[in-house]
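J.: Below: one structure in structure tokens.
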Amino acid sequence: MKTRDIALCGLLVTVALVLSIIEKMFPLQAVVPIPGIKLGLANVVTVFALARLDTRRAVAIVLCRVTLASVFMGSITGFAFALCGGLLALAVMRLLLPLTGRSLSLLGVSVAGAAAHNIGQICAAVGVLGTFDVVGYLPLLLLSAIPMGLVTGLTVRETLQHLDKISKN
């Protein structure tokens with residue numbers, strides 16, 4: 001990686017960490033009283049990185065974000081959940097991204113990524129807790145992936161459109 005690429009990735013990791021901190025400040029549990037449901041604001045950076053950078057850089061950003069967020073704000077268990085969710089979401093979105101503009105929008109890619117993130121977290125929960133009982137929680141998480149993925153997708157879409165306008169000037 002060139003110095004410029006490393007700096008850009010570092011900046012995106014920082015943005016993702018700041019978004020994670022901001023997300024912790026939102027009392028989402030007061031509005032949606034379901035444990036474990038989050039907006040997933042840090043995933044804005046993942047979708048952005050996939051759309052504007054290559055897969056290798058996006059993976060590096062996710063790995064750094066998950067590791068640093070776990071060190072600063074989480075736990076080993078939280079690390080496992082975030083890592084499984086983040087990597088599965090990244091893989092699914094990477095597979096779907098080439099379909100944007102033809103049969104899928106960026107919003108659809110983002111919703112699929114949110115759903116994959118929830119599936120990855122449930123897989124981690126099965127491994128950590130040693131029981132399949134947590135799979136019963138998956139339908140509720142998948143339902144929450146729709147609005148949360150739409151928020152992420154809309155944010156990325158608007159950001160990309162704004163950056164395109166700036167680069168034309």
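Letters A, B, ... go to the chains of the structure tokens in the order shown; residues in each chain start at 1; ligands are counted from 1 in the same order.
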Please give the complete set of residues from range 15-149 of chain A that DSSP, run on the backbone, assigns to helix (DSSP H, G or I), formatted as number ranges by chain.

T.: A: 15-25, 28-31, 43-52, 55-73, 76-99, 106-129, 133-149

J.: Please provide as a ChimeraX atom specification all residues within 12 Å of range 96-106 of chain A, with the sequence filter that same-chain residues fewer than 2 positions apart are discarded (counting only C-alpha atoms).

T.: /A:44,47-52,54-55,89-94,108-113,116,149-161

J.: Within 12 Å of range 15-31 of chain A, counting only C-alpha atoms, which residues qualify if same-chain residues fewer than 4 places away don't, as a PyMOL selection string?

T.: chain A and resi 8-11+35-49+58+61-74+82+148+152

J.: Using only C-alpha atoms, find the one residue out of A:Val13, A:Ala7, A:Ile122, A:Ile166 that sits nearest to Leu140 in chain A.

T.: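 Among A:Val13, A:Ala7, A:Ile122, A:Ile166, it is A:Ile122 that comes nearest to Leu140 in chain A.
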
J.: Between A:Ala115, A:Val128, A:Ile34, A:Leu95, single out the one closest to Gly78 in chain A, counting only C-alpha atoms.

T.: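 Counting only C-alpha atoms, the residue closest to Gly78 in chain A is A:Val128.
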
J.: Taking 2 positions as the minimum chain separation for residues in the same chain, which residues sit within 12 Å of Gln121 in chain A when counting only C-alpha atoms? Answer as number ranges by chain.

T.: A: 36-37, 77-89, 114-119, 123-129, 134-135, 137-138, 141-142

J.: Go through A:Ile76, A:Leu163, A:Leu53, A:Ala145 and flag the residue nearest Leu12 in chain A, using only C-alpha atoms for the distances.

T.: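 Smallest distance to Leu12 in chain A is found for A:Leu53.
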